[in-house]
Each structure stands twice: as structure tokens, then as C-alpha cells.
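Novice: As input, take my_file04.cif (mmCIF, C-alpha atoms and all ligand atoms):
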```
data_structure
loop_
_atom_site.label_atom_id
_atom_site.label_comp_id
_atom_site.auth_asym_id
_atom_site.auth_seq_id
_atom_site.Cartn_x
_atom_site.Cartn_y
_atom_site.Cartn_z
CA MET S 108 43.13 -93.10 98.22
CA THR S 109 44.47 -96.68 98.14
CA THR S 110 42.28 -99.69 97.32
CA ASN S 111 42.61 -100.71 100.95
CA GLN S 112 41.18 -97.41 102.18
CA ILE S 113 38.31 -97.63 99.73
CA SER S 114 37.49 -101.26 100.38
CA ARG S 115 37.79 -101.29 104.18
CA PRO S 116 34.58 -99.36 104.95
CA LYS S 117 32.75 -101.54 102.38
CA ILE S 118 33.95 -104.67 104.18
CA LYS S 119 32.82 -103.17 107.48
CA LEU S 120 29.42 -102.39 106.01
CA TRP S 121 29.05 -105.94 104.69
CA MET S 122 30.05 -107.39 108.08
CA ALA S 123 27.48 -105.10 109.75
CA ALA S 124 24.88 -106.26 107.21
CA ILE S 125 25.60 -109.97 107.73
CA LYS S 126 26.15 -109.55 111.54
CA PRO S 127 27.97 -112.87 112.20
CA PRO S 128 27.85 -112.70 116.05
CA MET S 129 24.04 -112.53 115.92
CA TYR S 130 23.80 -116.12 114.67
CA SER S 131 24.54 -117.48 118.13
CA VAL S 132 20.90 -116.63 118.92
CA ALA S 133 19.83 -119.35 116.45
CA ILE S 134 22.18 -121.91 117.98
CA MET S 135 21.47 -121.48 121.70
CA PRO S 136 17.84 -122.70 121.88
CA ILE S 137 18.91 -125.96 120.24
CA TRP S 138 22.05 -126.21 122.38
CA VAL S 139 20.14 -125.66 125.65
CA GLY S 140 17.21 -127.92 124.60
CA GLY S 141 19.69 -130.63 123.51
CA ALA S 142 21.71 -130.26 126.74
CA VAL S 143 18.59 -130.71 128.92
CA ALA S 144 17.65 -133.77 126.82
CA PHE S 145 21.12 -135.22 127.41
CA ALA S 146 20.99 -134.53 131.18
CA GLU S 147 17.55 -136.09 131.57
CA ASN S 148 17.59 -138.97 129.08
CA LYS S 149 21.30 -139.59 128.30
CA VAL S 150 20.49 -139.34 124.59
CA PHE S 151 22.22 -137.19 122.01
CA ASN S 152 21.71 -137.57 118.27
CA VAL S 153 24.57 -135.70 116.57
CA ALA S 154 22.95 -135.83 113.08
CA VAL S 155 19.69 -134.30 114.34
CA PHE S 156 21.55 -131.69 116.41
CA SER S 157 23.87 -130.54 113.61
CA THR S 158 21.08 -130.52 110.99
CA PHE S 159 18.92 -128.44 113.35
CA ILE S 160 21.76 -125.95 114.00
CA VAL S 161 22.44 -125.40 110.27
CA ALA S 162 18.70 -125.11 109.55
CA ALA S 163 18.18 -122.60 112.39
CA ILE S 164 21.06 -120.44 111.10
CA LEU S 165 19.49 -120.46 107.60
CA ILE S 166 16.07 -119.54 109.02
CA LEU S 167 17.56 -116.66 111.02
CA ALA S 168 19.40 -115.53 107.85
CA TRP S 169 15.99 -115.39 106.11
CA GLU S 170 14.60 -113.35 109.01
CA ASN S 171 17.41 -110.81 108.77
CA ILE S 172 17.57 -110.64 104.96
CA SER S 173 13.81 -110.20 104.63
CA ASN S 174 13.91 -107.62 107.46
CA ASP S 175 16.04 -105.41 105.20
CA VAL S 176 13.56 -105.94 102.33
CA PHE S 177 10.46 -105.13 104.39
CA ASP S 178 12.16 -102.19 106.13
CA SER S 179 13.13 -100.74 102.73
CA GLU S 180 9.40 -100.45 102.00
CA THR S 181 8.61 -98.33 105.06
CA GLY S 182 11.60 -95.97 104.71
CA ILE S 183 12.87 -96.80 108.21
CA ASP S 184 16.27 -97.95 106.88
CA ILE S 185 16.91 -94.77 104.88
CA ASN S 186 20.00 -93.96 107.01
CA LYS S 187 21.04 -97.60 107.46
CA HIS S 188 23.99 -97.89 105.08
CA HIS S 189 24.49 -101.53 106.03
CA SER S 190 21.01 -102.59 104.92
CA LEU S 191 21.46 -105.32 102.27
CA VAL S 192 18.99 -103.50 100.03
CA ASN S 193 20.90 -100.19 100.32
CA LEU S 194 24.25 -101.95 99.84
CA THR S 195 23.27 -103.87 96.71
CA GLY S 196 20.44 -101.74 95.29
CA LYS S 197 18.81 -105.05 94.31
CA LYS S 198 15.72 -105.51 96.44
CA THR S 199 14.22 -108.39 94.42
CA LEU S 200 17.48 -110.33 94.46
CA VAL S 201 17.82 -109.82 98.23
CA PHE S 202 14.19 -110.92 98.71
CA TRP S 203 14.74 -114.19 96.81
CA LEU S 204 18.07 -114.83 98.53
CA GLY S 205 16.16 -114.63 101.82
CA ASN S 206 13.51 -117.03 100.54
CA LEU S 207 16.22 -119.46 99.41
CA CYS S 208 17.63 -119.45 102.96
CA LEU S 209 14.14 -120.07 104.38
CA ILE S 210 13.39 -122.97 102.02
CA SER S 211 16.83 -124.57 102.66
CA GLY S 212 16.39 -124.19 106.44
CA LEU S 213 12.89 -125.66 106.37
CA LEU S 214 14.13 -128.59 104.24
CA GLY S 215 16.65 -129.35 107.02
CA ILE S 216 13.86 -129.37 109.61
CA LEU S 217 11.72 -131.48 107.26
CA ALA S 218 14.59 -134.00 107.11
CA ILE S 219 14.47 -134.27 110.93
CA ALA S 220 10.67 -134.73 110.82
CA THR S 221 11.06 -137.45 108.17
CA TRP S 222 13.80 -139.33 110.10
CA GLN S 223 11.59 -139.23 113.18
CA GLN S 224 8.29 -139.86 111.35
CA ASP S 225 6.91 -137.06 113.52
CA PRO S 226 5.70 -133.60 112.35
CA THR S 227 6.05 -131.93 115.78
CA VAL S 228 9.42 -130.20 115.28
CA ILE S 229 8.53 -128.85 111.82
CA SER S 230 5.19 -127.60 113.18
CA ILE S 231 6.92 -125.69 115.99
CA ILE S 232 9.49 -124.18 113.64
CA LEU S 233 6.79 -123.15 111.14
CA LEU S 234 5.08 -121.38 114.05
CA CYS S 235 8.39 -119.61 114.87
CA CYS S 236 8.71 -118.54 111.22
CA GLY S 237 5.13 -117.23 111.38
CA LEU S 238 6.07 -115.12 114.42
CA GLY S 239 9.20 -113.96 112.58
CA TYR S 240 7.10 -112.90 109.59
CA MET S 241 4.54 -111.12 111.78
CA TYR S 242 7.39 -109.19 113.39
CA GLN S 243 8.27 -107.42 110.16
CA GLY S 244 6.10 -108.39 107.20
CA PRO S 245 2.94 -106.72 105.89
CA PRO S 246 0.19 -106.37 106.92
CA PHE S 247 1.27 -107.19 110.52
CA ARG S 248 4.60 -105.43 111.16
CA LEU S 249 4.12 -106.10 114.90
CA GLY S 250 7.68 -104.92 115.59
CA TYR S 251 6.47 -101.45 114.59
CA GLN S 252 3.93 -101.64 117.45
CA GLY S 253 6.63 -102.49 119.99
CA LEU S 254 5.61 -106.17 120.21
CA GLY S 255 8.86 -107.62 118.85
CA GLU S 256 10.30 -108.58 122.22
CA ILE S 257 7.24 -110.70 123.06
CA LEU S 258 7.45 -112.55 119.72
CA CYS S 259 11.19 -112.94 120.19
CA PHE S 260 10.73 -114.38 123.70
CA PHE S 261 8.35 -117.10 122.48
CA ALA S 262 10.24 -117.93 119.24
CA PHE S 263 13.71 -118.32 120.81
CA GLY S 264 12.49 -119.30 124.30
CA PRO S 265 9.60 -121.76 124.88
CA LEU S 266 9.13 -122.71 121.20
CA GLY S 267 12.80 -122.86 120.14
CA VAL S 268 14.12 -124.65 123.26
CA SER S 269 11.18 -127.09 123.33
CA ALA S 270 11.82 -127.89 119.65
CA GLY S 271 15.50 -128.48 120.48
CA TYR S 272 14.52 -130.80 123.35
CA TYR S 273 11.80 -132.59 121.40
CA SER S 274 14.10 -133.18 118.41
CA GLN S 275 16.32 -135.29 120.69
CA THR S 276 13.71 -137.10 122.77
CA GLN S 277 10.29 -136.86 121.08
CA THR S 278 8.85 -135.96 124.50
CA TRP S 279 8.39 -132.76 126.55
CA SER S 280 10.08 -131.55 129.73
CA ILE S 281 9.28 -129.05 132.49
CA THR S 282 13.02 -128.45 132.99
CA SER S 283 13.43 -127.54 129.33
CA LEU S 284 10.45 -125.15 129.67
CA ALA S 285 12.09 -123.53 132.72
CA ALA S 286 15.40 -123.18 130.83
CA SER S 287 13.52 -121.68 127.89
CA VAL S 288 12.35 -118.77 130.08
CA ILE S 289 15.99 -117.78 130.62
CA VAL S 290 16.91 -118.24 126.94
CA GLY S 291 13.82 -116.27 125.87
CA ILE S 292 14.52 -113.33 128.20
CA VAL S 293 18.19 -113.04 127.31
CA THR S 294 17.42 -113.20 123.56
CA SER S 295 14.74 -110.51 123.83
CA LEU S 296 17.29 -108.31 125.65
CA ILE S 297 19.33 -108.19 122.43
CA LEU S 298 16.35 -106.94 120.44
CA PHE S 299 15.50 -104.43 123.18
CA CYS S 300 19.09 -103.09 123.09
CA SER S 301 18.97 -102.69 119.31
CA HIS S 302 16.40 -99.87 119.58
CA PHE S 303 18.29 -97.38 121.78
CA HIS S 304 20.29 -95.71 118.99
CA GLN S 305 17.45 -95.74 116.46
CA VAL S 306 14.87 -93.64 118.27
CA ASN S 307 14.84 -90.74 115.77
CA ASP S 308 14.65 -92.95 112.66
CA ASP S 309 11.98 -95.09 114.35
CA ILE S 310 9.81 -92.08 115.26
CA ALA S 311 10.18 -90.68 111.72
CA ALA S 312 9.01 -94.00 110.22
CA GLY S 313 6.16 -94.41 112.74
CA LYS S 314 7.80 -97.35 114.56
CA ARG S 315 6.73 -97.42 118.22
CA SER S 316 9.59 -99.56 119.54
CA PRO S 317 9.69 -100.15 123.31
CA ILE S 318 12.34 -97.41 123.58
CA VAL S 319 10.20 -94.95 121.60
CA ARG S 320 7.30 -95.76 123.97
CA LEU S 321 9.29 -95.68 127.23
CA GLY S 322 11.99 -93.13 126.46
CA THR S 323 15.67 -94.06 126.73
CA ALA S 324 15.97 -93.39 130.52
CA SER S 325 13.09 -95.70 131.52
CA GLY S 326 14.19 -98.15 128.81
CA ALA S 327 17.61 -98.35 130.49
CA LYS S 328 15.96 -99.16 133.85
CA VAL S 329 13.77 -101.88 132.28
CA LEU S 330 16.82 -103.35 130.55
CA ILE S 331 18.73 -103.53 133.85
CA TRP S 332 15.85 -105.33 135.62
CA PHE S 333 15.45 -107.90 132.86
CA THR S 334 19.22 -108.49 132.53
CA VAL S 335 19.62 -109.05 136.25
CA SER S 336 16.47 -111.25 136.41
CA ILE S 337 18.03 -114.22 134.62
CA TYR S 338 20.40 -114.91 137.56
CA PRO S 339 17.80 -115.24 140.37
CA PHE S 340 15.67 -117.26 137.92
CA SER S 341 18.44 -119.84 137.47
CA LEU S 342 19.05 -119.93 141.25
CA LEU S 343 15.32 -120.42 141.86
CA PHE S 344 15.18 -123.30 139.37
CA VAL S 345 18.16 -124.94 141.13
CA ILE S 346 16.49 -124.51 144.55
CA LEU S 347 13.21 -125.93 143.18
CA GLY S 348 15.16 -128.94 141.88
CA PHE S 349 14.47 -128.32 138.16
CA PHE S 350 18.11 -127.47 137.36
CA PRO S 351 21.30 -129.24 138.49
CA VAL S 352 23.63 -127.08 140.58
CA TRP S 353 26.16 -127.06 137.72
CA THR S 354 23.85 -124.72 135.76
CA LEU S 355 24.95 -121.95 138.14
CA LEU S 356 28.03 -121.87 135.90
CA SER S 357 25.92 -119.45 133.84
CA TRP S 358 26.55 -116.87 136.60
CA LEU S 359 30.07 -116.57 135.13
CA SER S 360 28.44 -114.39 132.47
CA LEU S 361 27.74 -111.76 135.18
CA PRO S 362 30.71 -109.52 134.20
CA TYR S 363 29.15 -109.05 130.75
CA ALA S 364 25.77 -108.39 132.36
CA PHE S 365 27.30 -105.68 134.58
CA LYS S 366 29.13 -104.21 131.58
CA LEU S 367 25.84 -104.05 129.66
CA CYS S 368 23.91 -102.44 132.52
CA ARG S 369 26.65 -99.87 133.21
CA HIS S 370 27.04 -98.99 129.52
CA VAL S 371 23.30 -98.54 128.97
CA GLN S 372 22.84 -96.59 132.21
CA GLN S 373 25.60 -94.14 131.24
CA ASN S 374 24.93 -93.76 127.51
CA HIS S 375 21.24 -94.51 126.87
CA ASN S 376 20.59 -91.11 125.24
CA GLN S 377 23.79 -90.91 123.15
CA PRO S 378 23.13 -92.81 119.88
CA GLU S 379 26.80 -93.03 118.76
CA LYS S 380 27.92 -94.44 122.12
CA ILE S 381 24.97 -96.76 122.73
CA SER S 382 24.85 -98.29 119.23
CA ASN S 383 27.20 -101.14 120.25
CA CYS S 384 25.14 -102.18 123.29
CA LYS S 385 23.34 -104.93 121.38
CA PHE S 386 26.70 -106.65 120.88
CA ILE S 387 27.38 -106.55 124.63
CA ALA S 388 23.90 -108.11 125.00
CA VAL S 389 24.96 -110.77 122.45
CA ALA S 390 27.95 -111.55 124.74
CA VAL S 391 25.63 -111.86 127.79
CA HIS S 392 23.38 -114.15 125.75
CA PHE S 393 26.24 -116.25 124.37
CA TRP S 394 28.01 -116.88 127.69
CA SER S 395 24.89 -117.32 129.84
CA CYS S 396 23.31 -119.82 127.40
CA LEU S 397 26.56 -121.66 126.62
CA LEU S 398 27.30 -122.13 130.34
CA LEU S 399 23.69 -123.00 131.19
CA GLY S 400 23.81 -125.79 128.61
CA LEU S 401 27.26 -126.88 129.80
CA GLY S 402 25.88 -127.17 133.34
CA PHE S 403 23.25 -129.63 132.10
CA VAL S 404 25.81 -131.60 130.06
CA ILE S 405 28.20 -131.91 133.05
CA ALA S 406 25.31 -133.03 135.27
CA GLY S 407 24.37 -135.67 132.66
CA ILE S 408 27.83 -137.23 132.36
C1 LIG S 501 15.24 -109.43 112.47
C2 LIG S 501 15.23 -109.19 113.92
C3 LIG S 501 15.53 -108.01 114.42
C4 LIG S 501 15.87 -106.81 113.62
O1 LIG S 501 14.98 -105.82 113.98
P1 LIG S 501 15.08 -104.30 113.47
O2 LIG S 501 14.16 -104.10 112.34
O3 LIG S 501 14.87 -103.40 114.64
O4 LIG S 501 16.57 -104.28 113.05
P2 LIG S 501 17.42 -103.36 112.16
O5 LIG S 501 17.61 -102.13 112.93
O6 LIG S 501 18.70 -104.16 111.99
O7 LIG S 501 16.70 -103.14 110.86
C5 LIG S 501 14.89 -110.31 114.86
C6 LIG S 501 13.42 -110.59 114.99
C7 LIG S 501 13.12 -111.81 115.78
C8 LIG S 501 11.69 -112.27 115.61
C9 LIG S 501 10.76 -111.56 116.56
C10 LIG S 501 11.55 -113.75 115.79
C11 LIG S 501 12.26 -114.56 114.71
C12 LIG S 501 12.01 -116.02 114.82
C13 LIG S 501 12.94 -116.83 113.93
C14 LIG S 501 12.59 -116.71 112.49
C15 LIG S 501 12.81 -118.28 114.39
C16 LIG S 501 14.10 -118.95 114.54
C17 LIG S 501 13.88 -120.36 115.07
C18 LIG S 501 14.82 -120.69 116.16
C19 LIG S 501 14.61 -121.99 116.77
C20 LIG S 501 16.24 -120.63 115.67
O1 LIG S 502 19.79 -106.97 113.67
C1 LIG S 502 19.34 -107.03 114.80
O2 LIG S 502 19.25 -106.04 115.50
C2 LIG S 502 18.89 -108.35 115.30
C3 LIG S 502 18.92 -109.45 114.49
C4 LIG S 502 18.50 -110.70 114.93
O3 LIG S 502 18.53 -111.69 114.18
C5 LIG S 502 18.02 -110.85 116.27
C6 LIG S 502 17.58 -112.08 116.73
C7 LIG S 502 17.12 -112.21 118.03
C8 LIG S 502 17.09 -111.12 118.87
C9 LIG S 502 17.52 -109.88 118.43
C10 LIG S 502 17.99 -109.74 117.11
C11 LIG S 502 18.44 -108.45 116.64
O4 LIG S 502 18.41 -107.46 117.40
#
```
Let me see whether you can do it: turn the structure in this file into C-alpha cells.

Specialist:
Amino acid sequence: MTTNQISRPKIKLWMAAIKPPMYSVAIMPIWVGGAVAFAENKVFNVAVFSTFIVAAILILAWENISNDVFDSETGIDINKHHSLVNLTGKKTLVFWLGNLCLISGLLGILAIATWQQDPTVISIILLCCGLGYMYQGPPFRLGYQGLGEILCFFAFGPLGVSAGYYSQTQTWSITSLAASVIVGIVTSLILFCSHFHQVNDDIAAGKRSPIVRLGTASGAKVLIWFTVSIYPFSLLFVILGFFPVWTLLSWLSLPYAFKLCRHVQQNHNQPEKISNCKFIAVAVHFWSCLLLGLGFVIAGI
């Protein structure tokens, strides 16, 4: 075997462990919150925005790194070759690497709070981190009770988007709250999708994910309803006058939404085929949130 043949699967495993596309979920709440702030107040502080983005990526890195540490303690990741703990065999090192990311991310948010002489943004983000810990850390492990999607909705939706908006304006906005409902739903869809192929490992480890509770067939139906729901929601918010008409640009993400629904409908009970569905959900999330934010920016120019 050549070095290339040996090293390629390792590289793939590392990429699966680091999951680069997933980091768009950290960026979008701040992008959408910042875009609404720009549309409503014509303000945009580049230093605050870029510091917030880097900090959010670091905080999400902590969430994912520590997820591998906590999951190694319950045995749920026994077949997950791309767990950082399984890849390195160094649980303590991985744990402290995660903590380093968390501290660095929080220092970034603290810098924003210090510039603004206002503890609101750091308080919201600490609350998000608390939800993130309760998702996976002892003694809570709420993700094991099937409550992850609710925590995810609040962390990346109302809390994350409001923090993004507040960091630009130091005020609150109903429009940003409405936009956060869409961001929250579409982020939770990713987490929901991530359970389909893991049903057997989850049952063995006592994790009652929504898909374990519902079964894959009903889970597929629920997924379709929630995926489709974001489009009438944005139309409703335009009709009610909360959103500018340009935000309907987010409907251009519909082809990815259809692809996701079709794929899950056809393959929900075939773990090897369904395992990539969370990355189709990441594409729905990326394009719908990017275009939603762009709609606000265009309306603000
Ligand atoms: C780590 C997460 C999912 C992985 O779950 P699972 O254990 O099923 O995955 P594996 O199969 O890969 O082991 C995501 C959990 C999200 C959590 C509910 C909320 C996190 C909040 C963030 C820490 C806050 C980020 C702030 C925001 C403004 C960027
Ligand atoms: O690894 C995963 O499955 C996920 C990681 C992650 O950071 C995230 C964030 C927000 C929603 C879903 C997810 C995942 O599913």
C-alpha cells in the first residue's frame, strides 16, 4: 500500500471529525442579526461583527470537541471512528483543547462587552454555552432525552440572532426576533437529520433521540414539515410588514430543501444512504440564512 492510500482515509476521518461545513451554523445567527441591524438602523460595526464571528466559531469548536469527550464516557461513540477521542486516544488533551477554544471564544465576546461597556451580549452567549453544556455534559445530557433540538433552536435562534443584533445596536428588535425563528428552525433541522443513521448506536447507549422516539418513518415526515415551514414563515413575515420583500430571496434555497425532503423520504431507514442528509440540511441552512440576511442588507442600502 502506498503512503497516499494509507493517509487518505486518515485525512477523511480528520475532516469528518473537524466537520468544516458545520461552522456556518455559528456564523449565520450573527450574519442575520447584523443584517437586520443594518436594514433597520443603517449601522454596521465591522470590528464587532468579525470579532463575534471568530468567537462564535471558537465556541462551536468547544461544543463539538467536548461532545466527543462526553460521548466517549457513555460509550455512544464506540463505532464513531471520526471521534476526536478515538482518533487521538488522548481524551484529556482533547478536553483541554476544547476548553482552550471556549476560553478564547469567550474572551472575544468579553472584548465586545468591554468596547460597549455593556454586559448584555456576554450574558446571552454565556446562556447559550450553558444550553450547549446541558445538551451533552453530565449530569444533564439533555440530548440523550431527545431535547437537543429545543436547546439548539433557542441557542442559534432567538438567543444567537438577538445577540448578533444587539452587538450592533445595543437595542432589541421584533424583526430580528421573527428572523431568529427561521434561523432557529433551520439549525435544529441539521441536528434532527444527524440522528437518522445512528438509531442502533443511540438505542444501545440509552440515547432517546427524536428519531429513536418517533421511528425513522415518522421522523422523515416531521423533518419534511419543519423544512417546508420556513418558507411560509418568511412569506408571512413579509405580509405582516416585519420583513422587506427582498428577504424572499431565501426561497432560492428551495431546491436544497426539496433535495433534503426527497432524500430523507426515500432513505430514512437505510443508515449508509441517509448518513449524508445532515450535510444537505447544512446546505439548506447556509443558503436560506445567507439569502435571508442578504435580503435585509439590500433593503437597507
Ligand atoms: C454538538 C452538537 C451536536 C452533536 O450531537 P451528537 O452527539 O448527536 O453528534 P455526534 O453524532 O457527532 O456525536 C450541537 C449541539 C448544539 C447545542 C444544543 C447548542 C450549542 C450552543 C452553542 C455552544 C452556542 C453557540 C453560540 C452561537 C451564537 C454561535
Ligand atoms: O456533529 C453534528 O452532528 C453537529 C454539530 C454541530 O455543531 C451542530 C450545530 C448545530 C446544529 C446541529 C449540529 C450537528 O448536528

Novice: Kindly compile the residues surrounding ligand LIG 501 (chain S) within 7 Å, counting only C-alpha atoms and all ligand atoms, and format them as a PDB file with C-alpha atoms, in the frame of the given file.

Specialist:
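Here's the written file part.pdb:
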```pdb
ATOM      1  CA  VAL S 132      20.900-116.630 118.920  1.00  0.00           C
ATOM      2  CA  ALA S 133      19.830-119.350 116.450  1.00  0.00           C
ATOM      3  CA  ILE S 134      22.180-121.910 117.980  1.00  0.00           C
ATOM      4  CA  PRO S 136      17.840-122.700 121.880  1.00  0.00           C
ATOM      5  CA  ILE S 137      18.910-125.960 120.240  1.00  0.00           C
ATOM      6  CA  ALA S 163      18.180-122.600 112.390  1.00  0.00           C
ATOM      7  CA  ILE S 164      21.060-120.440 111.100  1.00  0.00           C
ATOM      8  CA  ILE S 166      16.070-119.540 109.020  1.00  0.00           C
ATOM      9  CA  LEU S 167      17.560-116.660 111.020  1.00  0.00           C
ATOM     10  CA  GLU S 170      14.600-113.350 109.010  1.00  0.00           C
ATOM     11  CA  ASN S 171      17.410-110.810 108.770  1.00  0.00           C
ATOM     12  CA  ASN S 174      13.910-107.620 107.460  1.00  0.00           C
ATOM     13  CA  ASP S 175      16.040-105.410 105.200  1.00  0.00           C
ATOM     14  CA  ASP S 178      12.160-102.190 106.130  1.00  0.00           C
ATOM     15  CA  ASP S 184      16.270 -97.950 106.880  1.00  0.00           C
ATOM     16  CA  ILE S 232       9.490-124.180 113.640  1.00  0.00           C
ATOM     17  CA  CYS S 235       8.390-119.610 114.870  1.00  0.00           C
ATOM     18  CA  CYS S 236       8.710-118.540 111.220  1.00  0.00           C
ATOM     19  CA  LEU S 238       6.070-115.120 114.420  1.00  0.00           C
ATOM     20  CA  GLY S 239       9.200-113.960 112.580  1.00  0.00           C
ATOM     21  CA  TYR S 242       7.390-109.190 113.390  1.00  0.00           C
ATOM     22  CA  GLY S 255       8.860-107.620 118.850  1.00  0.00           C
ATOM     23  CA  GLU S 256      10.300-108.580 122.220  1.00  0.00           C
ATOM     24  CA  LEU S 258       7.450-112.550 119.720  1.00  0.00           C
ATOM     25  CA  CYS S 259      11.190-112.940 120.190  1.00  0.00           C
ATOM     26  CA  ALA S 262      10.240-117.930 119.240  1.00  0.00           C
ATOM     27  CA  PHE S 263      13.710-118.320 120.810  1.00  0.00           C
ATOM     28  CA  GLY S 267      12.800-122.860 120.140  1.00  0.00           C
ATOM     29  CA  LEU S 298      16.350-106.940 120.440  1.00  0.00           C
ATOM     30  CA  SER S 301      18.970-102.690 119.310  1.00  0.00           C
ATOM     31  CA  HIS S 302      16.400 -99.870 119.580  1.00  0.00           C
TER      32      HIS S 302
END
```

Novice: Determine, counting all atoms listed in the file, which protein, DNA and RNA residues have an atom within 10 Å of an atom of Lys126 in chain S; residues of the same chain fewer than 3 positions away are not included. Present the result as a PyMOL selection string.

Specialist: chain S and resi 120-123+129-130+168+171+189+386

Novice: Find the residues near Phe349 in chain S: any atom within 10 Å, counting only C-alpha atoms, skip ones fewer than 5 places away on the same chain, and give them as an NGL selection string.

Specialist: :S and (281-286 or 341 or 343-344)

Novice: Box in all listed atoms of range 355-362 of chain S, axis-aligned, with 4 Å more on each side; write out centre and edge lengths in Å to one decimal as JSON.

Specialist:
```
{"center_x": 27.8, "center_y": -115.7, "center_z": 135.3, "size_x": 13.8, "size_y": 20.4, "size_z": 13.7}
```

Novice: Please provide as a PyMOL selection string all residues within 6 Å of range 372-381 of chain S, with the sequence filter that same-chain residues fewer than 4 positions apart are discarded (counting all atoms listed in the file).

Specialist: chain S and resi 304+323+327+368

Novice: Could you tell me how far CA of Gly141 in chain S lies from CA of Thr158 in chain S, in Å and to one decimal?

Specialist: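 Computing the Euclidean distance for CA of Gly141 in chain S and CA of Thr158 in chain S yields 12.6 Å.
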
Novice: Can you tell me, as an NGL selection string, what residues are no more than 10 Å from Trp138 in chain S when counting only C-alpha atoms, ignoring any on the same chain fewer than 3 positions away?

Specialist: :S and (133-135 or 141-144 or 156-157 or 159-160 or 268 or 271-272 or 396-397 or 399-401)

Novice: Find the residues around Phe299 in chain S up to 8 Å (only C-alpha atoms counted), leave out those fewer than 6 positions away in its own chain, and share them as a list in words.

Specialist: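 Counting only C-alpha atoms, the residues come to Glu256, Pro317, Ile318 and Leu330 of chain S.
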
Novice: Could you write range 193-210 of chain S of the block just shown to a file containing N, CA, C and O atoms, as an mmCIF file, in the first residue's frame?

Specialist:
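File written: decode37.cif
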```cif
data_model
loop_
_atom_site.group_PDB
_atom_site.id
_atom_site.type_symbol
_atom_site.label_atom_id
_atom_site.label_comp_id
_atom_site.auth_asym_id
_atom_site.auth_seq_id
_atom_site.Cartn_x
_atom_site.Cartn_y
_atom_site.Cartn_z
ATOM 1 N N ASN S 193 -11.395 8.974 19.822
ATOM 2 C CA ASN S 193 -10.987 7.700 19.209
ATOM 3 C C ASN S 193 -9.798 7.891 18.270
ATOM 4 O O ASN S 193 -8.919 7.040 18.187
ATOM 5 N N LEU S 194 -9.783 9.034 17.568
ATOM 6 C CA LEU S 194 -8.694 9.277 16.607
ATOM 7 C C LEU S 194 -7.351 9.485 17.292
ATOM 8 O O LEU S 194 -6.330 9.000 16.827
ATOM 9 N N THR S 195 -7.372 10.222 18.419
ATOM 10 C CA THR S 195 -6.102 10.574 19.068
ATOM 11 C C THR S 195 -5.767 9.647 20.236
ATOM 12 O O THR S 195 -4.600 9.492 20.589
ATOM 13 N N GLY S 196 -6.801 9.063 20.846
ATOM 14 C CA GLY S 196 -6.583 8.252 22.057
ATOM 15 C C GLY S 196 -6.188 9.114 23.249
ATOM 16 O O GLY S 196 -5.724 8.605 24.270
ATOM 17 N N LYS S 197 -6.363 10.428 23.124
ATOM 18 C CA LYS S 197 -5.906 11.333 24.208
ATOM 19 C C LYS S 197 -7.080 12.183 24.690
ATOM 20 O O LYS S 197 -7.225 13.346 24.324
ATOM 21 N N LYS S 198 -7.898 11.575 25.544
ATOM 22 C CA LYS S 198 -9.123 12.243 25.986
ATOM 23 C C LYS S 198 -8.836 13.548 26.753
ATOM 24 O O LYS S 198 -9.489 14.570 26.523
ATOM 25 N N THR S 199 -7.840 13.508 27.654
ATOM 26 C CA THR S 199 -7.568 14.704 28.469
ATOM 27 C C THR S 199 -7.095 15.860 27.588
ATOM 28 O O THR S 199 -7.527 17.010 27.766
ATOM 29 N N LEU S 200 -6.241 15.527 26.621
ATOM 30 C CA LEU S 200 -5.731 16.568 25.721
ATOM 31 C C LEU S 200 -6.888 17.186 24.924
ATOM 32 O O LEU S 200 -6.993 18.416 24.795
ATOM 33 N N VAL S 201 -7.774 16.311 24.430
ATOM 34 C CA VAL S 201 -8.923 16.785 23.640
ATOM 35 C C VAL S 201 -9.805 17.676 24.517
ATOM 36 O O VAL S 201 -10.252 18.753 24.099
ATOM 37 N N PHE S 202 -10.017 17.245 25.772
ATOM 38 C CA PHE S 202 -10.844 18.015 26.712
ATOM 39 C C PHE S 202 -10.275 19.431 26.899
ATOM 40 O O PHE S 202 -11.006 20.423 26.811
ATOM 41 N N TRP S 203 -8.952 19.521 27.103
ATOM 42 C CA TRP S 203 -8.362 20.844 27.353
ATOM 43 C C TRP S 203 -8.272 21.687 26.087
ATOM 44 O O TRP S 203 -8.365 22.919 26.137
ATOM 45 N N LEU S 204 -8.143 21.012 24.938
ATOM 46 C CA LEU S 204 -8.171 21.752 23.666
ATOM 47 C C LEU S 204 -9.547 22.420 23.512
ATOM 48 O O LEU S 204 -9.663 23.586 23.120
ATOM 49 N N GLY S 205 -10.590 21.669 23.863
ATOM 50 C CA GLY S 205 -11.955 22.222 23.813
ATOM 51 C C GLY S 205 -12.081 23.416 24.751
ATOM 52 O O GLY S 205 -12.606 24.470 24.366
ATOM 53 N N ASN S 206 -11.563 23.269 25.969
ATOM 54 C CA ASN S 206 -11.665 24.369 26.939
ATOM 55 C C ASN S 206 -10.902 25.606 26.469
ATOM 56 O O ASN S 206 -11.334 26.741 26.698
ATOM 57 N N LEU S 207 -9.768 25.363 25.787
ATOM 58 C CA LEU S 207 -8.984 26.494 25.251
ATOM 59 C C LEU S 207 -9.818 27.263 24.214
ATOM 60 O O LEU S 207 -9.822 28.506 24.197
ATOM 61 N N CYS S 208 -10.524 26.505 23.373
ATOM 62 C CA CYS S 208 -11.401 27.155 22.367
ATOM 63 C C CYS S 208 -12.485 27.968 23.074
ATOM 64 O O CYS S 208 -12.777 29.110 22.684
ATOM 65 N N LEU S 209 -13.084 27.378 24.117
ATOM 66 C CA LEU S 209 -14.156 28.080 24.830
ATOM 67 C C LEU S 209 -13.640 29.379 25.445
ATOM 68 O O LEU S 209 -14.249 30.454 25.282
ATOM 69 N N ILE S 210 -12.489 29.290 26.141
ATOM 70 C CA ILE S 210 -11.952 30.486 26.812
ATOM 71 C C ILE S 210 -11.609 31.552 25.763
ATOM 72 O O ILE S 210 -11.948 32.731 25.926
#
```
